[in-house]
Amino acid sequence: MTDDDLDREAPPIVVAAAASGAVPVPFLGVYAVMFIVHGKFHPVVPPDITSTQNGEFVAGLIALALFVVALVAVIMMLNGSRRWPFAIVQLAVLAGAIDLVVDSTRGGGVTGFVLVAAAAAALVLAFFPAASAYVRGPRRPRREDAPSDAMGLTD
C-alpha cells in the first residue's frame with residue numbers, strides 16, 4: 001500500500017459525527033434480520049408489527065434497505081464525499097426517535113432517548129466548521145484522472 005492509496009484523515013469532529021450517526025445502524029440490521037426471518041422462515045403468531053406474515057417480510061426488506069442507506073450515508077460522511085445523505089438520514093432517525101419518545105404505546109423507552117441524543121449530536125457535529133471544511137476540502141486525483149507519466153507509461 002502506498003501513500004496514494006490512502007485518503008486524507010478525517011478530523012475528530014467528523015469521526016465523532018459518524019460515530020453518533022452510526023448508532024441506529026445496528027438496530028436496523030437486527031430488525032431487518034428479525035422481520036425477514038419472522039416473515040418467511042419462522043412465522044410468529046401473532047405477527048410482531050403487521051397483521052400478516054408477508055407484512056413482516058416487507059417490513060424486514062424495508063429495514064434492510066434503510067440499513068444499507070444509513071450505512072452508506074455514514075461512510076460518505078466519514079470519507080468526506082457527501083454530507084447531505086448523512087444529514088437526511090439523521091433527520092429521519094431524529095423524527096422517528098422523537099415519535100418513539102412521544103408515543104408511549106410504541107415501546108420506545110430508553111432506546112428512543114438514546115436515538116434522539118445520537119441523531120441530534122450527529123447533526124450538530126456534522127455542521128461544525130471543521131466538518132464543513134473537510135467535506136468541501138481538496139480531493140486527491142482518482143487513478144483514472146492521474147497523468148499517464150505518474151503511472152510510468154511515458155519516458
# chains A, B, ... in the order shown; residues from 1 in each chain; ligands from 1

$ residues_around --residues "His42 in chain A" --least-positions-apart "4" --cutoff "12 Å" --atoms "only C-alpha atoms" --output "list of chain:residue names"
A:Val33, A:Met34, A:Phe35, A:Ile36, A:Val37, A:His38, A:Pro47, A:Gln53, A:Asn54, A:Glu56, A:Phe57

$ write_last_selection --atoms "N, CA and C atoms" --output "compact mmCIF listing (two decimals), in the first residue's frame"
# COMPACT_ATOMS: atom_id res chain seq x y z
N VAL A 33 -33.11 -8.48 9.91
CA VAL A 33 -33.00 -9.94 10.02
C VAL A 33 -34.21 -10.52 10.75
N MET A 34 -34.59 -9.90 11.86
CA MET A 34 -35.70 -10.43 12.66
C MET A 34 -37.01 -10.47 11.86
N PHE A 35 -37.34 -9.39 11.16
CA PHE A 35 -38.60 -9.35 10.43
C PHE A 35 -38.58 -10.23 9.19
N ILE A 36 -37.45 -10.33 8.52
CA ILE A 36 -37.36 -11.23 7.37
C ILE A 36 -37.52 -12.68 7.83
N VAL A 37 -36.87 -13.04 8.92
CA VAL A 37 -37.00 -14.40 9.46
C VAL A 37 -38.43 -14.67 9.92
N HIS A 38 -39.03 -13.71 10.63
CA HIS A 38 -40.41 -13.90 11.10
C HIS A 38 -41.40 -13.92 9.95
N PRO A 47 -48.22 -11.91 14.34
CA PRO A 47 -47.06 -11.20 13.80
C PRO A 47 -46.70 -9.99 14.67
N GLN A 53 -47.93 -12.43 7.70
CA GLN A 53 -46.54 -12.85 7.60
C GLN A 53 -45.82 -12.10 6.47
N ASN A 54 -46.53 -11.88 5.35
CA ASN A 54 -45.92 -11.12 4.25
C ASN A 54 -45.63 -9.68 4.67
N GLU A 56 -44.69 -8.78 7.63
CA GLU A 56 -43.44 -8.86 8.39
C GLU A 56 -42.25 -8.92 7.45
N PHE A 57 -42.38 -9.70 6.39
CA PHE A 57 -41.29 -9.84 5.42
C PHE A 57 -41.01 -8.50 4.73

$ residues_around --residues "Arg106 in chain A" --least-positions-apart "6" --cutoff "12 Å" --atoms "only C-alpha atoms" --output "MDAnalysis selection string"
chainID A and resid 48:49 96:100 112

$ closest_residue --among "A:Gly80, A:Pro43, A:Gly55, A:Gly29" --to "Phe67 in chain A" --atoms "only C-alpha atoms"
A:Gly29

$ closest_residue --among "A:Val116, A:Leu123, A:Leu28, A:Val23" --to "Trp84 in chain A" --atoms "only C-alpha atoms"
A:Leu123

$ select_by_dssp --residues "chain A" --states "alpha helix (DSSP H)" --output "PyMOL selection string"
chain A and resi 12-21+24-36+53-79+84-102+109-126+129-136

$ closest_residue --among "A:Val45, A:Leu66, A:Ala32, A:Met77" --to "Arg136 in chain A" --atoms "only C-alpha atoms"
A:Met77

$ closest_residue --among "A:Ala70, A:Ala120, A:Leu78, A:Val102" --to "Pro12 in chain A" --atoms "only C-alpha atoms"
A:Leu78

$ closest_residue --among "A:Val135, A:Leu64, A:Val58, A:Ile13" --to "Pro26 in chain A" --atoms "only C-alpha atoms"
A:Leu64

$ closest_residue --among "A:Val30, A:Ala130, A:Leu115, A:Val124" --to "Ala95 in chain A" --atoms "only C-alpha atoms"
A:Leu115

$ residues_around --residues "Ala16 in chain A" --least-positions-apart "6" --cutoff "10 Å" --atoms "only C-alpha atoms" --output "PyMOL selection string"
chain A and resi 10+22+78+121-122+125-126
